[in-house]
Structure formats: C-alpha cells, structure tokens
$ cat query-v3.pdb   # PDB, C-alpha atoms
ATOM      1  CA  MET A  22      10.242 -15.613  -5.422
ATOM      2  CA  SER A  23      13.854 -16.514  -5.848
ATOM      3  CA  PHE A  24      15.885 -19.358  -7.264
ATOM      4  CA  ILE A  25      18.672 -21.063  -5.395
ATOM      5  CA  THR A  26      21.514 -23.277  -6.507
ATOM      6  CA  VAL A  27      23.120 -25.607  -4.027
ATOM      7  CA  LYS A  28      26.394 -27.448  -4.425
ATOM      8  CA  ASN A  29      26.442 -29.591  -1.287
ATOM      9  CA  ASN A  30      24.437 -30.685   1.728
ATOM     10  CA  THR A  31      25.542 -27.716   3.826
ATOM     11  CA  GLU A  32      24.192 -25.308   1.235
ATOM     12  CA  LYS A  33      20.967 -27.322   1.066
ATOM     13  CA  LEU A  34      20.505 -27.110   4.821
ATOM     14  CA  ASN A  35      21.290 -23.400   4.798
ATOM     15  CA  ALA A  36      18.735 -22.855   2.033
ATOM     16  CA  ILE A  37      16.080 -24.795   3.951
ATOM     17  CA  LYS A  38      16.925 -22.885   7.120
ATOM     18  CA  SER A  39      16.681 -19.566   5.321
ATOM     19  CA  TYR A  40      13.354 -20.552   3.775
ATOM     20  CA  CYS A  41      11.923 -21.588   7.154
ATOM     21  CA  GLU A  42      13.119 -18.388   8.800
ATOM     22  CA  SER A  43      11.525 -16.251   6.084
ATOM     23  CA  ARG A  44       8.239 -18.197   6.346
ATOM     24  CA  ILE A  45       8.218 -17.755  10.141
ATOM     25  CA  LYS A  46       8.834 -14.033   9.730
ATOM     26  CA  ASN A  47       5.977 -13.791   7.216
ATOM     27  CA  ILE A  48       3.644 -15.795   9.459
ATOM     28  CA  ASP A  49       4.487 -13.578  12.443
ATOM     29  CA  TYR A  50       3.701 -10.506  10.364
ATOM     30  CA  ASN A  51       0.336 -11.942   9.313
ATOM     31  CA  ILE A  52      -0.557 -12.980  12.860
ATOM     32  CA  ASN A  53       0.335  -9.547  14.228
ATOM     33  CA  PHE A  54      -1.643  -7.875  11.440
ATOM     34  CA  MET A  55      -4.731  -9.956  12.200
ATOM     35  CA  LYS A  56      -4.399  -9.400  15.948
ATOM     36  CA  SER A  57      -4.122  -5.649  15.445
ATOM     37  CA  ASN A  58      -7.378  -5.692  13.449
ATOM     38  CA  GLN A  59      -9.352  -7.773  15.935
ATOM     39  CA  ASP A  60     -12.436  -6.183  17.439
ATOM     40  CA  SER A  61     -12.903  -9.213  19.677
ATOM     41  CA  PRO A  62     -10.806 -12.290  20.528
ATOM     42  CA  ALA A  63     -13.027 -14.366  18.242
ATOM     43  CA  ASP A  64     -12.118 -12.299  15.171
ATOM     44  CA  TYR A  65      -9.582 -14.124  12.975
ATOM     45  CA  LYS A  66      -9.226 -16.831  15.663
ATOM     46  CA  GLU A  67      -9.303 -19.747  13.218
ATOM     47  CA  GLU A  68      -6.906 -18.040  10.826
ATOM     48  CA  ILE A  69      -4.487 -17.161  13.623
ATOM     49  CA  ASP A  70      -4.639 -20.710  15.024
ATOM     50  CA  GLU A  71      -3.921 -22.147  11.584
ATOM     51  CA  LEU A  72      -0.961 -19.814  11.118
ATOM     52  CA  GLN A  73       0.370 -20.758  14.569
ATOM     53  CA  LEU A  74       0.318 -24.429  13.546
ATOM     54  CA  LYS A  75       2.202 -23.672  10.330
ATOM     55  CA  LYS A  76       4.729 -21.647  12.312
ATOM     56  CA  CYS A  77       5.270 -24.594  14.685
ATOM     57  CA  GLU A  78       6.011 -26.846  11.717
ATOM     58  CA  PHE A  79       8.685 -24.502  10.395
ATOM     59  CA  GLU A  80      10.140 -24.090  13.883
ATOM     60  CA  LYS A  81      10.372 -27.878  14.220
ATOM     61  CA  ILE A  82      12.288 -28.077  10.938
ATOM     62  CA  LEU A  83      14.703 -25.430  12.250
ATOM     63  CA  GLU A  84      15.063 -27.369  15.486
ATOM     64  CA  ILE A  85      16.018 -30.470  13.499
ATOM     65  CA  ILE A  86      18.507 -28.544  11.361
ATOM     66  CA  ASN A  87      20.122 -26.984  14.435
ATOM     67  CA  ALA A  88      20.305 -30.288  16.336
ATOM     68  CA  THR A  89      23.595 -31.677  17.508
ATOM     69  CA  GLU A  90      24.611 -35.186  18.487
ATOM     70  CA  LYS A  91      23.516 -34.306  22.052
ATOM     71  CA  SER A  92      20.039 -33.173  20.998
ATOM     72  CA  SER A  93      16.826 -35.084  21.499
ATOM     73  CA  ILE A  94      13.880 -33.866  19.455
ATOM     74  CA  LEU A  95      10.331 -35.075  19.878
ATOM     75  CA  ILE A  96       8.594 -35.546  16.537
ATOM     76  CA  LEU A  97       4.892 -36.277  16.544
TER      77      LEU A  97
END

$ encode --input "query-v3.pdb" --output "structure tokens"
Amino acid sequence: MSFITVKNNTEKLNAIKSYCESRIKNIDYNINFMKSNQDSPADYKEEIDELQLKKCEFEKILEIINATEKSSILIL
C-alpha cells in the first residue's frame, strides 16, 4: 500500500498507469503460479479465467492512457 499525491492531470495519468502496470504484473504472477500448480487443465481454470478478464480491463485502461489523436480504441 502506498499513498500518492498528484498536482496535475499528467501526474494523475502517470499514477493510474503505474497502478495498472503493477496490477497486471501481480495478475501475471498469480496466473503463472496457478498454472505451475495445475495437475490438469481444469485445475484453477475458473480462477485463471477471472484473472485474465481483470488483466484485460487494466490493459484497456493503459491502451486508453497511451492513445494519441490517431488512435481508435474499441470499448465494449
């Protein structure tokens, strides 16, 4: 846990980006841990699928943050 202080929109976006990147890294670690402990493909399948969905959400936020005026992003 950490506290952040932001002074402008750039710092806010950087803080959000950093948060998303750390969550993605943590999710990847958890997915890899579960996969390494699988005895069969069905083991941890629901948990891994749920984590993959969360990871996609954070990746979409990063995609939006990194967008430029020439970017087109599909949001469902």

$ resolve_selection --input "query-v3.pdb" --expression "the PyMOL selection byres ((chain A and resi 62-74) around 12)" --output "MDAnalysis selection string"
chainID A and resid 44:61 75:81

$ atom_distance --input "query-v3.pdb" --atom1 "CA of Ser93 in chain A" --atom2 "CA of Ile37 in chain A"
20.4 Å

$ atom_distance --input "query-v3.pdb" --atom1 "CA of Lys38 in chain A" --atom2 "CA of Glu84 in chain A"
9.7 Å

$ axis_aligned_box --input "query-v3.pdb" --around "range 44-56 of chain A" --padding-each-side "4 Å" --output "JSON"
{"center_x": 2.1, "center_y": -13.0, "center_z": 11.1, "size_x": 21.6, "size_y": 18.3, "size_z": 17.6}

$ atom_distance --input "query-v3.pdb" --atom1 "CA of Phe24 in chain A" --atom2 "CA of Leu83 in chain A"
20.5 Å

$ decode --input "query-v3.pdb" --residues "range 57-97 of chain A" --atoms "N, CA and C atoms" --output "PDB file, in the first residue's frame"
ATOM      1  N   SER A  57       1.472 -23.222 -12.766  1.00  0.00           N
ATOM      2  CA  SER A  57       2.574 -24.111 -12.373  1.00  0.00           C
ATOM      3  C   SER A  57       2.116 -25.165 -11.370  1.00  0.00           C
ATOM      4  N   ASN A  58       0.996 -24.935 -10.696  1.00  0.00           N
ATOM      5  CA  ASN A  58       0.474 -25.889  -9.724  1.00  0.00           C
ATOM      6  C   ASN A  58      -0.688 -26.716 -10.257  1.00  0.00           C
ATOM      7  N   GLN A  59      -0.966 -26.609 -11.546  1.00  0.00           N
ATOM      8  CA  GLN A  59      -2.044 -27.386 -12.138  1.00  0.00           C
ATOM      9  C   GLN A  59      -1.627 -28.837 -12.327  1.00  0.00           C
ATOM     10  N   ASP A  60      -2.506 -29.747 -11.923  1.00  0.00           N
ATOM     11  CA  ASP A  60      -2.295 -31.158 -12.237  1.00  0.00           C
ATOM     12  C   ASP A  60      -3.015 -31.519 -13.526  1.00  0.00           C
ATOM     13  N   SER A  61      -4.046 -30.748 -13.847  1.00  0.00           N
ATOM     14  CA  SER A  61      -4.772 -30.916 -15.102  1.00  0.00           C
ATOM     15  C   SER A  61      -5.227 -29.536 -15.569  1.00  0.00           C
ATOM     16  N   PRO A  62      -5.570 -29.410 -16.859  1.00  0.00           N
ATOM     17  CA  PRO A  62      -6.014 -28.102 -17.367  1.00  0.00           C
ATOM     18  C   PRO A  62      -7.255 -27.553 -16.662  1.00  0.00           C
ATOM     19  N   ALA A  63      -8.028 -28.414 -16.032  1.00  0.00           N
ATOM     20  CA  ALA A  63      -9.233 -27.970 -15.344  1.00  0.00           C
ATOM     21  C   ALA A  63      -8.931 -27.330 -13.990  1.00  0.00           C
ATOM     22  N   ASP A  64      -7.774 -27.655 -13.418  1.00  0.00           N
ATOM     23  CA  ASP A  64      -7.395 -27.080 -12.126  1.00  0.00           C
ATOM     24  C   ASP A  64      -7.206 -25.569 -12.266  1.00  0.00           C
ATOM     25  N   TYR A  65      -7.824 -24.822 -11.377  1.00  0.00           N
ATOM     26  CA  TYR A  65      -7.725 -23.361 -11.326  1.00  0.00           C
ATOM     27  C   TYR A  65      -8.252 -22.664 -12.582  1.00  0.00           C
ATOM     28  N   LYS A  66      -8.969 -23.389 -13.458  1.00  0.00           N
ATOM     29  CA  LYS A  66      -9.424 -22.799 -14.714  1.00  0.00           C
ATOM     30  C   LYS A  66     -10.289 -21.560 -14.485  1.00  0.00           C
ATOM     31  N   GLU A  67     -11.263 -21.657 -13.599  1.00  0.00           N
ATOM     32  CA  GLU A  67     -12.146 -20.512 -13.352  1.00  0.00           C
ATOM     33  C   GLU A  67     -11.383 -19.327 -12.774  1.00  0.00           C
ATOM     34  N   GLU A  68     -10.478 -19.607 -11.858  1.00  0.00           N
ATOM     35  CA  GLU A  68      -9.686 -18.537 -11.248  1.00  0.00           C
ATOM     36  C   GLU A  68      -8.788 -17.866 -12.277  1.00  0.00           C
ATOM     37  N   ILE A  69      -8.164 -18.673 -13.122  1.00  0.00           N
ATOM     38  CA  ILE A  69      -7.276 -18.129 -14.158  1.00  0.00           C
ATOM     39  C   ILE A  69      -8.083 -17.306 -15.156  1.00  0.00           C
ATOM     40  N   ASP A  70      -9.249 -17.812 -15.562  1.00  0.00           N
ATOM     41  CA  ASP A  70     -10.101 -17.067 -16.497  1.00  0.00           C
ATOM     42  C   ASP A  70     -10.535 -15.731 -15.913  1.00  0.00           C
ATOM     43  N   GLU A  71     -10.879 -15.730 -14.638  1.00  0.00           N
ATOM     44  CA  GLU A  71     -11.283 -14.490 -13.972  1.00  0.00           C
ATOM     45  C   GLU A  71     -10.126 -13.490 -13.919  1.00  0.00           C
ATOM     46  N   LEU A  72      -8.940 -13.987 -13.617  1.00  0.00           N
ATOM     47  CA  LEU A  72      -7.766 -13.112 -13.584  1.00  0.00           C
ATOM     48  C   LEU A  72      -7.450 -12.562 -14.978  1.00  0.00           C
ATOM     49  N   GLN A  73      -7.626 -13.389 -16.001  1.00  0.00           N
ATOM     50  CA  GLN A  73      -7.382 -12.927 -17.376  1.00  0.00           C
ATOM     51  C   GLN A  73      -8.331 -11.782 -17.731  1.00  0.00           C
ATOM     52  N   LEU A  74      -9.585 -11.878 -17.297  1.00  0.00           N
ATOM     53  CA  LEU A  74     -10.540 -10.800 -17.557  1.00  0.00           C
ATOM     54  C   LEU A  74     -10.136  -9.510 -16.844  1.00  0.00           C
ATOM     55  N   LYS A  75      -9.705  -9.637 -15.596  1.00  0.00           N
ATOM     56  CA  LYS A  75      -9.243  -8.453 -14.860  1.00  0.00           C
ATOM     57  C   LYS A  75      -8.036  -7.836 -15.556  1.00  0.00           C
ATOM     58  N   LYS A  76      -7.127  -8.688 -16.011  1.00  0.00           N
ATOM     59  CA  LYS A  76      -5.932  -8.203 -16.698  1.00  0.00           C
ATOM     60  C   LYS A  76      -6.323  -7.430 -17.959  1.00  0.00           C
ATOM     61  N   CYS A  77      -7.298  -7.939 -18.703  1.00  0.00           N
ATOM     62  CA  CYS A  77      -7.759  -7.259 -19.919  1.00  0.00           C
ATOM     63  C   CYS A  77      -8.316  -5.875 -19.601  1.00  0.00           C
ATOM     64  N   GLU A  78      -9.000  -5.750 -18.469  1.00  0.00           N
ATOM     65  CA  GLU A  78      -9.541  -4.450 -18.083  1.00  0.00           C
ATOM     66  C   GLU A  78      -8.427  -3.447 -17.814  1.00  0.00           C
ATOM     67  N   PHE A  79      -7.397  -3.881 -17.109  1.00  0.00           N
ATOM     68  CA  PHE A  79      -6.276  -2.975 -16.834  1.00  0.00           C
ATOM     69  C   PHE A  79      -5.509  -2.654 -18.112  1.00  0.00           C
ATOM     70  N   GLU A  80      -5.379  -3.620 -19.002  1.00  0.00           N
ATOM     71  CA  GLU A  80      -4.707  -3.363 -20.275  1.00  0.00           C
ATOM     72  C   GLU A  80      -5.489  -2.370 -21.125  1.00  0.00           C
ATOM     73  N   LYS A  81      -6.814  -2.423 -21.058  1.00  0.00           N
ATOM     74  CA  LYS A  81      -7.639  -1.476 -21.811  1.00  0.00           C
ATOM     75  C   LYS A  81      -7.449  -0.057 -21.269  1.00  0.00           C
ATOM     76  N   ILE A  82      -7.368   0.069 -19.958  1.00  0.00           N
ATOM     77  CA  ILE A  82      -7.116   1.384 -19.355  1.00  0.00           C
ATOM     78  C   ILE A  82      -5.773   1.927 -19.830  1.00  0.00           C
ATOM     79  N   LEU A  83      -4.750   1.070 -19.865  1.00  0.00           N
ATOM     80  CA  LEU A  83      -3.438   1.501 -20.359  1.00  0.00           C
ATOM     81  C   LEU A  83      -3.508   1.902 -21.825  1.00  0.00           C
ATOM     82  N   GLU A  84      -4.283   1.159 -22.601  1.00  0.00           N
ATOM     83  CA  GLU A  84      -4.439   1.485 -24.014  1.00  0.00           C
ATOM     84  C   GLU A  84      -5.064   2.874 -24.175  1.00  0.00           C
ATOM     85  N   ILE A  85      -6.040   3.182 -23.347  1.00  0.00           N
ATOM     86  CA  ILE A  85      -6.678   4.498 -23.393  1.00  0.00           C
ATOM     87  C   ILE A  85      -5.698   5.589 -22.986  1.00  0.00           C
ATOM     88  N   ILE A  86      -4.939   5.349 -21.939  1.00  0.00           N
ATOM     89  CA  ILE A  86      -3.957   6.342 -21.478  1.00  0.00           C
ATOM     90  C   ILE A  86      -2.901   6.609 -22.539  1.00  0.00           C
ATOM     91  N   ASN A  87      -2.474   5.552 -23.231  1.00  0.00           N
ATOM     92  CA  ASN A  87      -1.409   5.682 -24.227  1.00  0.00           C
ATOM     93  C   ASN A  87      -1.914   6.117 -25.598  1.00  0.00           C
ATOM     94  N   ALA A  88      -3.209   6.324 -25.733  1.00  0.00           N
ATOM     95  CA  ALA A  88      -3.785   6.698 -27.033  1.00  0.00           C
ATOM     96  C   ALA A  88      -3.306   8.066 -27.479  1.00  0.00           C
ATOM     97  N   THR A  89      -3.269   8.217 -28.766  1.00  0.00           N
ATOM     98  CA  THR A  89      -2.937   9.512 -29.377  1.00  0.00           C
ATOM     99  C   THR A  89      -4.147   9.964 -30.194  1.00  0.00           C
ATOM    100  N   GLU A  90      -4.021  11.129 -30.811  1.00  0.00           N
ATOM    101  CA  GLU A  90      -5.124  11.635 -31.616  1.00  0.00           C
ATOM    102  C   GLU A  90      -5.380  10.755 -32.847  1.00  0.00           C
ATOM    103  N   LYS A  91      -4.439   9.877 -33.184  1.00  0.00           N
ATOM    104  CA  LYS A  91      -4.595   8.983 -34.330  1.00  0.00           C
ATOM    105  C   LYS A  91      -5.074   7.597 -33.905  1.00  0.00           C
ATOM    106  N   SER A  92      -5.328   7.402 -32.634  1.00  0.00           N
ATOM    107  CA  SER A  92      -5.744   6.101 -32.126  1.00  0.00           C
ATOM    108  C   SER A  92      -7.259   5.926 -32.207  1.00  0.00           C
ATOM    109  N   SER A  93      -7.644   4.700 -32.451  1.00  0.00           N
ATOM    110  CA  SER A  93      -9.053   4.307 -32.353  1.00  0.00           C
ATOM    111  C   SER A  93      -9.106   3.111 -31.408  1.00  0.00           C
ATOM    112  N   ILE A  94      -9.887   3.235 -30.362  1.00  0.00           N
ATOM    113  CA  ILE A  94      -9.953   2.180 -29.350  1.00  0.00           C
ATOM    114  C   ILE A  94     -11.391   1.710 -29.246  1.00  0.00           C
ATOM    115  N   LEU A  95     -11.562   0.403 -29.346  1.00  0.00           N
ATOM    116  CA  LEU A  95     -12.885  -0.189 -29.203  1.00  0.00           C
ATOM    117  C   LEU A  95     -13.158  -0.439 -27.737  1.00  0.00           C
ATOM    118  N   ILE A  96     -14.246   0.133 -27.243  1.00  0.00           N
ATOM    119  CA  ILE A  96     -14.643  -0.050 -25.842  1.00  0.00           C
ATOM    120  C   ILE A  96     -15.999  -0.733 -25.854  1.00  0.00           C
ATOM    121  N   LEU A  97     -16.055  -1.857 -25.171  1.00  0.00           N
ATOM    122  CA  LEU A  97     -17.319  -2.613 -25.127  1.00  0.00           C
ATOM    123  C   LEU A  97     -18.071  -2.310 -23.867  1.00  0.00           C
TER     124      LEU A  97
END
